[in-house]
>>> print(open('model10.pdb').read())   # PDB, C-alpha atoms
MODEL        1
ATOM      1  CA  LYS A  20     -28.540 104.904 189.959  1.00  0.00           C
ATOM      2  CA  ILE A  21     -28.296 102.595 186.950  1.00  0.00           C
ATOM      3  CA  ASN A  22     -32.065 102.075 187.099  1.00  0.00           C
ATOM      4  CA  ASP A  23     -32.594 105.868 187.197  1.00  0.00           C
ATOM      5  CA  PHE A  24     -30.355 106.269 184.144  1.00  0.00           C
ATOM      6  CA  THR A  25     -32.153 103.547 182.193  1.00  0.00           C
ATOM      7  CA  ARG A  26     -35.739 104.389 183.220  1.00  0.00           C
ATOM      8  CA  GLY A  27     -37.653 106.273 180.570  1.00  0.00           C
ATOM      9  CA  LYS A  28     -35.023 105.797 177.850  1.00  0.00           C
ATOM     10  CA  ASN A  29     -36.405 102.454 176.612  1.00  0.00           C
ATOM     11  CA  VAL A  30     -32.928 100.891 176.702  1.00  0.00           C
ATOM     12  CA  VAL A  31     -31.098  98.151 178.573  1.00  0.00           C
ATOM     13  CA  THR A  32     -27.906  99.117 180.381  1.00  0.00           C
ATOM     14  CA  LEU A  33     -25.110  96.644 181.089  1.00  0.00           C
ATOM     15  CA  TRP A  34     -22.531  98.115 183.468  1.00  0.00           C
ATOM     16  CA  LYS A  35     -19.253  96.220 183.267  1.00  0.00           C
ATOM     17  CA  GLY A  36     -17.733  95.941 186.686  1.00  0.00           C
ATOM     18  CA  SER A  37     -17.223  93.603 189.565  1.00  0.00           C
ATOM     19  CA  PRO A  38     -20.077  92.824 189.871  1.00  0.00           C
ATOM     20  CA  ALA A  39     -21.684  93.552 186.500  1.00  0.00           C
ATOM     21  CA  VAL A  40     -25.140  95.136 186.746  1.00  0.00           C
ATOM     22  CA  VAL A  41     -27.965  95.000 184.183  1.00  0.00           C
ATOM     23  CA  SER A  42     -31.042  97.244 184.170  1.00  0.00           C
ATOM     24  CA  ASP A  43     -34.023  97.698 181.876  1.00  0.00           C
ATOM     25  CA  GLY A  44     -35.443 100.598 183.869  1.00  0.00           C
ATOM     26  CA  LYS A  45     -37.954  98.327 185.617  1.00  0.00           C
ATOM     27  CA  GLY A  46     -35.618  95.934 187.372  1.00  0.00           C
ATOM     28  CA  VAL A  47     -31.971  95.340 188.123  1.00  0.00           C
ATOM     29  CA  LYS A  48     -29.940  92.126 187.985  1.00  0.00           C
ATOM     30  CA  VAL A  49     -26.536  91.807 189.617  1.00  0.00           C
ATOM     31  CA  ASN A  50     -24.219  89.228 188.070  1.00  0.00           C
ATOM     32  CA  SER A  51     -22.497  86.758 190.382  1.00  0.00           C
ATOM     33  CA  THR A  52     -19.662  85.706 188.070  1.00  0.00           C
ATOM     34  CA  GLY A  53     -16.419  87.461 187.235  1.00  0.00           C
ATOM     35  CA  ASN A  54     -13.537  88.888 189.205  1.00  0.00           C
ATOM     36  CA  PRO A  55     -11.515  92.109 189.501  1.00  0.00           C
ATOM     37  CA  TYR A  56      -8.703  90.646 187.391  1.00  0.00           C
ATOM     38  CA  MET A  57     -10.965  91.000 184.332  1.00  0.00           C
ATOM     39  CA  SER A  58     -10.289  94.737 184.208  1.00  0.00           C
ATOM     40  CA  VAL A  59      -7.723  94.352 181.426  1.00  0.00           C
ATOM     41  CA  GLY A  60      -8.012  95.918 177.990  1.00  0.00           C
ATOM     42  CA  GLY A  61     -10.278  94.059 175.618  1.00  0.00           C
ATOM     43  CA  VAL A  62     -12.615  92.336 178.082  1.00  0.00           C
ATOM     44  CA  GLY A  63     -15.261  95.020 177.501  1.00  0.00           C
ATOM     45  CA  ASP A  64     -15.008  94.378 173.771  1.00  0.00           C
ATOM     46  CA  LEU A  65     -15.410  90.664 174.439  1.00  0.00           C
ATOM     47  CA  LEU A  66     -18.466  91.374 176.609  1.00  0.00           C
ATOM     48  CA  ALA A  67     -19.962  93.546 173.858  1.00  0.00           C
ATOM     49  CA  GLY A  68     -19.436  90.795 171.287  1.00  0.00           C
ATOM     50  CA  ILE A  69     -21.047  88.140 173.465  1.00  0.00           C
ATOM     51  CA  THR A  70     -23.961  90.494 174.135  1.00  0.00           C
ATOM     52  CA  GLY A  71     -24.450  91.102 170.412  1.00  0.00           C
ATOM     53  CA  ALA A  72     -24.413  87.373 169.726  1.00  0.00           C
ATOM     54  CA  PHE A  73     -27.010  86.653 172.412  1.00  0.00           C
ATOM     55  CA  TYR A  74     -29.121  89.632 171.306  1.00  0.00           C
ATOM     56  CA  CYS A  75     -29.553  88.032 167.866  1.00  0.00           C
ATOM     57  CA  ARG A  76     -31.911  85.477 169.412  1.00  0.00           C
ATOM     58  CA  ASN A  77     -33.066  86.983 172.728  1.00  0.00           C
ATOM     59  CA  ASP A  78     -34.660  90.106 174.092  1.00  0.00           C
ATOM     60  CA  PRO A  79     -32.151  92.798 175.145  1.00  0.00           C
ATOM     61  CA  PHE A  80     -32.488  92.302 178.923  1.00  0.00           C
ATOM     62  CA  LYS A  81     -32.050  88.521 178.730  1.00  0.00           C
ATOM     63  CA  ALA A  82     -29.121  88.925 176.309  1.00  0.00           C
ATOM     64  CA  ALA A  83     -27.362  91.392 178.621  1.00  0.00           C
ATOM     65  CA  CYS A  84     -27.867  89.191 181.694  1.00  0.00           C
ATOM     66  CA  ALA A  85     -26.679  86.049 179.908  1.00  0.00           C
ATOM     67  CA  SER A  86     -23.639  87.735 178.390  1.00  0.00           C
ATOM     68  CA  ALA A  87     -22.565  89.205 181.727  1.00  0.00           C
ATOM     69  CA  PHE A  88     -22.852  85.746 183.278  1.00  0.00           C
ATOM     70  CA  ILE A  89     -20.986  83.879 180.500  1.00  0.00           C
ATOM     71  CA  CYS A  90     -18.219  86.483 180.207  1.00  0.00           C
ATOM     72  CA  GLY A  91     -17.788  86.461 184.000  1.00  0.00           C
ATOM     73  CA  ALA A  92     -17.788  82.663 184.130  1.00  0.00           C
ATOM     74  CA  ALA A  93     -15.126  82.592 181.401  1.00  0.00           C
ATOM     75  CA  GLY A  94     -13.130  85.136 183.408  1.00  0.00           C
ATOM     76  CA  ASP A  95     -13.392  82.956 186.502  1.00  0.00           C
ATOM     77  CA  MET A  96     -12.192  79.946 184.513  1.00  0.00           C
ATOM     78  CA  ALA A  97      -9.281  81.967 183.113  1.00  0.00           C
ATOM     79  CA  PHE A  98      -8.346  83.029 186.647  1.00  0.00           C
ATOM     80  CA  GLU A  99      -8.388  79.424 187.848  1.00  0.00           C
ATOM     81  CA  ASP A 100      -6.343  78.341 184.839  1.00  0.00           C
ATOM     82  CA  LYS A 101      -3.696  81.094 184.803  1.00  0.00           C
ATOM     83  CA  ASP A 102      -4.006  82.992 188.088  1.00  0.00           C
ATOM     84  CA  ALA A 103      -3.464  86.755 187.861  1.00  0.00           C
ATOM     85  CA  GLY A 104      -1.877  88.634 184.978  1.00  0.00           C
ATOM     86  CA  ARG A 105      -4.013  87.319 182.149  1.00  0.00           C
ATOM     87  CA  MET A 106      -5.080  89.054 178.944  1.00  0.00           C
ATOM     88  CA  ALA A 107      -8.504  89.380 177.321  1.00  0.00           C
ATOM     89  CA  SER A 108      -7.563  86.524 174.981  1.00  0.00           C
ATOM     90  CA  ASP A 109      -7.275  84.246 178.026  1.00  0.00           C
ATOM     91  CA  VAL A 110     -10.893  85.059 178.910  1.00  0.00           C
ATOM     92  CA  LEU A 111     -11.930  84.619 175.253  1.00  0.00           C
ATOM     93  CA  ASN A 112     -10.358  81.160 175.165  1.00  0.00           C
ATOM     94  CA  MET A 113     -12.580  80.091 178.077  1.00  0.00           C
ATOM     95  CA  VAL A 114     -15.887  81.272 176.532  1.00  0.00           C
ATOM     96  CA  PRO A 115     -16.590  77.938 174.760  1.00  0.00           C
ATOM     97  CA  TYR A 116     -16.041  76.083 178.035  1.00  0.00           C
ATOM     98  CA  ALA A 117     -18.357  78.446 179.922  1.00  0.00           C
ATOM     99  CA  LEU A 118     -21.011  78.054 177.235  1.00  0.00           C
ATOM    100  CA  LYS A 119     -20.709  74.282 177.360  1.00  0.00           C
ATOM    101  CA  LYS A 120     -20.860  74.199 181.147  1.00  0.00           C
ATOM    102  CA  TYR A 121     -23.882  76.489 181.494  1.00  0.00           C
ATOM    103  CA  ARG A 122     -25.757  76.072 178.181  1.00  0.00           C
ATOM    104  CA  PRO A 123     -29.447  75.291 178.704  1.00  0.00           C
ATOM    105  CA  ARG A 124     -30.715  72.197 177.006  1.00  0.00           C
ATOM    106  CA  ARG A 125     -33.700  72.303 174.710  1.00  0.00           C
ATOM    107  CA  TYR A 126     -36.107  71.650 177.608  1.00  0.00           C
ATOM    108  CA  GLY A 127     -34.694  74.231 179.990  1.00  0.00           C
ATOM    109  CA  LYS A 128     -32.440  71.975 182.051  1.00  0.00           C
ATOM    110  CA  ILE A 129     -28.925  73.137 182.810  1.00  0.00           C
ATOM    111  CA  ILE A 130     -26.019  70.963 181.825  1.00  0.00           C
ATOM    112  CA  LYS A 131     -24.027  70.094 184.921  1.00  0.00           C
ATOM    113  CA  ALA A 132     -20.267  69.893 184.639  1.00  0.00           C
ATOM    114  CA  HIS A 133     -18.744  66.654 185.890  1.00  0.00           C
TER
ENDMDL
END
>>> encode(input="model10.pdb", output="structure tokens")
Amino acid sequence: KINDFTRGKNVVTLWKGSPAVVSDGKGVKVNSTGNPYMSVGGVGDLLAGITGAFYCRNDPFKAACASAFICGAAGDMAFEDKDAGRMASDVLNMVPYALKKYRPRRYGKIIKAH
């Protein structure tokens, strides 16, 4: 249904959920990171901010996919660090670590965490 909503509108839709889903009307990507404990107030705002930052230098579909992945990865790290009962700020605090762990290098290789 997300593809039907997006098709013909010339927009990219990022549905925040577990899992997050991104559509550009032509294709759909389902994000593999994140967890149900991220459904606390403020995580959607965090996701929107990450998306805006990535959109500054990427096309909308790529920005939405990358932001869903990074926000979810940060949420997974926050869950591992604090268990349940966290706040959006706990997810925010893990964003730099998720970016460092998954940031592509200049030549397209992925940095592997040790």
>>> residues_around(input="model10.pdb", residues="Ala97 in chain A", least_positions_apart="5", cutoff="8 Å", atoms="all atoms listed in the file", output="VMD selection string")
chain A and resid 102 105 109 to 110 113
>>> closest_atom_pairs(input="model10.pdb", of="range 50-122 of chain A", to="range 23-43 of chain A", cutoff="7 Å", atoms="all atoms listed in the file", output="tab-separated table")
residue	atom	partner	partner_atom	distance
A:Asn50	CA	A:Ala39	CA	5.3
A:Ser51	CA	A:Pro38	CA	6.6
A:Gly53	CA	A:Ser37	CA	6.6
A:Asn54	CA	A:Ser37	CA	6.0
A:Pro55	CA	A:Ser37	CA	5.9
A:Pro79	CA	A:Val31	CA	6.4
A:Phe80	CA	A:Val31	CA	6.0
A:Ala83	CA	A:Leu33	CA	6.2
A:Cys84	CA	A:Val41	CA	6.3
A:Ala87	CA	A:Ala39	CA	6.5
>>> resolve_selection(input="model10.pdb", expression="the PyMOL selection byres ((chain A and resi 107) around 10)", output="JSON, numbers by chain")
{"A": [57, 58, 59, 60, 61, 62, 63, 64, 65, 94, 97, 105, 106, 108, 109, 110, 111, 112]}
>>> atom_distance(input="model10.pdb", atom1="CA of Phe98 in chain A", atom2="CA of Pro115 in chain A")
15.3 Å
>>> atom_distance(input="model10.pdb", atom1="CA of Arg122 in chain A", atom2="CA of Val47 in chain A")
22.6 Å
>>> atom_distance(input="model10.pdb", atom1="CA of Ala93 in chain A", atom2="CA of Thr52 in chain A")
8.6 Å
>>> resolve_selection(input="model10.pdb", expression="the PyMOL selection byres ((chain A and resi 73) around 12)", output="count of residues only")
25
>>> decode(input="model10.pdb", residues="range 98-110 of chain A", atoms="all heavy atoms", output="PDB file, in the first residue's frame")
ATOM      1  N   PHE A  98      19.432  -0.191  22.641  1.00  0.00           N
ATOM      2  CA  PHE A  98      18.789  -1.326  23.291  1.00  0.00           C
ATOM      3  C   PHE A  98      19.829  -2.230  23.945  1.00  0.00           C
ATOM      4  O   PHE A  98      19.664  -2.662  25.083  1.00  0.00           O
ATOM      5  CB  PHE A  98      17.950  -2.117  22.298  1.00  0.00           C
ATOM      6  CG  PHE A  98      17.322  -3.339  22.897  1.00  0.00           C
ATOM      7  CD1 PHE A  98      16.247  -3.215  23.763  1.00  0.00           C
ATOM      8  CD2 PHE A  98      17.801  -4.595  22.616  1.00  0.00           C
ATOM      9  CE1 PHE A  98      15.660  -4.339  24.338  1.00  0.00           C
ATOM     10  CE2 PHE A  98      17.225  -5.728  23.178  1.00  0.00           C
ATOM     11  CZ  PHE A  98      16.151  -5.591  24.043  1.00  0.00           C
ATOM     12  N   GLU A  99      20.915  -2.497  23.222  1.00  0.00           N
ATOM     13  CA  GLU A  99      21.981  -3.330  23.781  1.00  0.00           C
ATOM     14  C   GLU A  99      22.632  -2.663  24.989  1.00  0.00           C
ATOM     15  O   GLU A  99      23.002  -3.333  25.947  1.00  0.00           O
ATOM     16  CB  GLU A  99      23.048  -3.601  22.720  1.00  0.00           C
ATOM     17  CG  GLU A  99      22.586  -4.518  21.618  1.00  0.00           C
ATOM     18  CD  GLU A  99      23.616  -4.641  20.498  1.00  0.00           C
ATOM     19  OE1 GLU A  99      24.777  -4.214  20.682  1.00  0.00           O
ATOM     20  OE2 GLU A  99      23.253  -5.165  19.443  1.00  0.00           O
ATOM     21  N   ASP A 100      22.746  -1.348  24.931  1.00  0.00           N
ATOM     22  CA  ASP A 100      23.417  -0.602  25.996  1.00  0.00           C
ATOM     23  C   ASP A 100      22.551  -0.452  27.244  1.00  0.00           C
ATOM     24  O   ASP A 100      23.037  -0.562  28.358  1.00  0.00           O
ATOM     25  CB  ASP A 100      23.819   0.786  25.475  1.00  0.00           C
ATOM     26  CG  ASP A 100      24.641   1.565  26.481  1.00  0.00           C
ATOM     27  OD1 ASP A 100      25.621   1.007  26.999  1.00  0.00           O
ATOM     28  OD2 ASP A 100      24.292   2.725  26.750  1.00  0.00           O
ATOM     29  N   LYS A 101      21.256  -0.199  27.065  1.00  0.00           N
ATOM     30  CA  LYS A 101      20.386   0.138  28.197  1.00  0.00           C
ATOM     31  C   LYS A 101      19.237  -0.827  28.427  1.00  0.00           C
ATOM     32  O   LYS A 101      18.510  -0.677  29.380  1.00  0.00           O
ATOM     33  CB  LYS A 101      19.793   1.530  27.981  1.00  0.00           C
ATOM     34  CG  LYS A 101      20.823   2.615  27.994  1.00  0.00           C
ATOM     35  CD  LYS A 101      20.275   3.813  28.659  1.00  0.00           C
ATOM     36  CE  LYS A 101      21.367   4.847  28.735  1.00  0.00           C
ATOM     37  NZ  LYS A 101      21.167   5.786  29.753  1.00  0.00           N
ATOM     38  N   ASP A 102      19.015  -1.754  27.529  1.00  0.00           N
ATOM     39  CA  ASP A 102      17.844  -2.625  27.573  1.00  0.00           C
ATOM     40  C   ASP A 102      16.583  -1.802  27.313  1.00  0.00           C
ATOM     41  O   ASP A 102      16.642  -0.785  26.654  1.00  0.00           O
ATOM     42  CB  ASP A 102      17.757  -3.368  28.904  1.00  0.00           C
ATOM     43  CG  ASP A 102      17.874  -4.872  28.708  1.00  0.00           C
ATOM     44  OD1 ASP A 102      17.995  -5.311  27.564  1.00  0.00           O
ATOM     45  OD2 ASP A 102      17.854  -5.580  29.713  1.00  0.00           O
ATOM     46  N   ALA A 103      15.459  -2.211  27.819  1.00  0.00           N
ATOM     47  CA  ALA A 103      14.199  -1.519  27.544  1.00  0.00           C
ATOM     48  C   ALA A 103      14.072  -0.270  28.400  1.00  0.00           C
ATOM     49  O   ALA A 103      14.802  -0.074  29.357  1.00  0.00           O
ATOM     50  CB  ALA A 103      13.023  -2.459  27.807  1.00  0.00           C
ATOM     51  N   GLY A 104      13.113   0.588  28.045  1.00  0.00           N
ATOM     52  CA  GLY A 104      12.828   1.760  28.858  1.00  0.00           C
ATOM     53  C   GLY A 104      13.682   2.958  28.534  1.00  0.00           C
ATOM     54  O   GLY A 104      13.867   3.826  29.364  1.00  0.00           O
ATOM     55  N   ARG A 105      14.216   3.024  27.326  1.00  0.00           N
ATOM     56  CA  ARG A 105      15.068   4.152  26.972  1.00  0.00           C
ATOM     57  C   ARG A 105      14.251   5.324  26.448  1.00  0.00           C
ATOM     58  O   ARG A 105      13.081   5.218  26.201  1.00  0.00           O
ATOM     59  CB  ARG A 105      16.126   3.731  25.959  1.00  0.00           C
ATOM     60  CG  ARG A 105      15.645   3.727  24.523  1.00  0.00           C
ATOM     61  CD  ARG A 105      16.433   2.882  23.604  1.00  0.00           C
ATOM     62  NE  ARG A 105      16.638   1.559  24.069  1.00  0.00           N
ATOM     63  CZ  ARG A 105      15.696   0.623  24.110  1.00  0.00           C
ATOM     64  NH1 ARG A 105      14.491   0.893  23.752  1.00  0.00           N
ATOM     65  NH2 ARG A 105      15.965  -0.575  24.523  1.00  0.00           N
ATOM     66  N   MET A 106      14.926   6.442  26.240  1.00  0.00           N
ATOM     67  CA  MET A 106      14.305   7.644  25.688  1.00  0.00           C
ATOM     68  C   MET A 106      14.938   7.926  24.328  1.00  0.00           C
ATOM     69  O   MET A 106      15.966   7.346  23.977  1.00  0.00           O
ATOM     70  CB  MET A 106      14.531   8.830  26.624  1.00  0.00           C
ATOM     71  CG  MET A 106      13.969   8.608  28.011  1.00  0.00           C
ATOM     72  SD  MET A 106      14.095  10.011  29.144  1.00  0.00           S
ATOM     73  CE  MET A 106      15.645  10.753  28.786  1.00  0.00           C
ATOM     74  N   ALA A 107      14.346   8.858  23.584  1.00  0.00           N
ATOM     75  CA  ALA A 107      14.879   9.209  22.269  1.00  0.00           C
ATOM     76  C   ALA A 107      16.322   9.697  22.378  1.00  0.00           C
ATOM     77  O   ALA A 107      17.138   9.454  21.489  1.00  0.00           O
ATOM     78  CB  ALA A 107      14.002  10.263  21.611  1.00  0.00           C
ATOM     79  N   SER A 108      16.654  10.358  23.480  1.00  0.00           N
ATOM     80  CA  SER A 108      18.029  10.848  23.653  1.00  0.00           C
ATOM     81  C   SER A 108      19.026   9.689  23.742  1.00  0.00           C
ATOM     82  O   SER A 108      20.186   9.851  23.360  1.00  0.00           O
ATOM     83  CB  SER A 108      18.138  11.745  24.878  1.00  0.00           C
ATOM     84  OG  SER A 108      17.766  11.048  26.044  1.00  0.00           O
ATOM     85  N   ASP A 109      18.584   8.530  24.213  1.00  0.00           N
ATOM     86  CA  ASP A 109      19.467   7.366  24.251  1.00  0.00           C
ATOM     87  C   ASP A 109      19.793   6.895  22.836  1.00  0.00           C
ATOM     88  O   ASP A 109      20.918   6.478  22.561  1.00  0.00           O
ATOM     89  CB  ASP A 109      18.843   6.230  25.054  1.00  0.00           C
ATOM     90  CG  ASP A 109      18.640   6.593  26.512  1.00  0.00           C
ATOM     91  OD1 ASP A 109      19.506   7.311  27.065  1.00  0.00           O
ATOM     92  OD2 ASP A 109      17.618   6.182  27.088  1.00  0.00           O
ATOM     93  N   VAL A 110      18.796   6.954  21.949  1.00  0.00           N
ATOM     94  CA  VAL A 110      19.017   6.603  20.544  1.00  0.00           C
ATOM     95  C   VAL A 110      19.927   7.655  19.904  1.00  0.00           C
ATOM     96  O   VAL A 110      20.890   7.327  19.205  1.00  0.00           O
ATOM     97  CB  VAL A 110      17.680   6.471  19.778  1.00  0.00           C
ATOM     98  CG1 VAL A 110      17.921   6.137  18.306  1.00  0.00           C
ATOM     99  CG2 VAL A 110      16.783   5.416  20.421  1.00  0.00           C
TER     100      VAL A 110
END
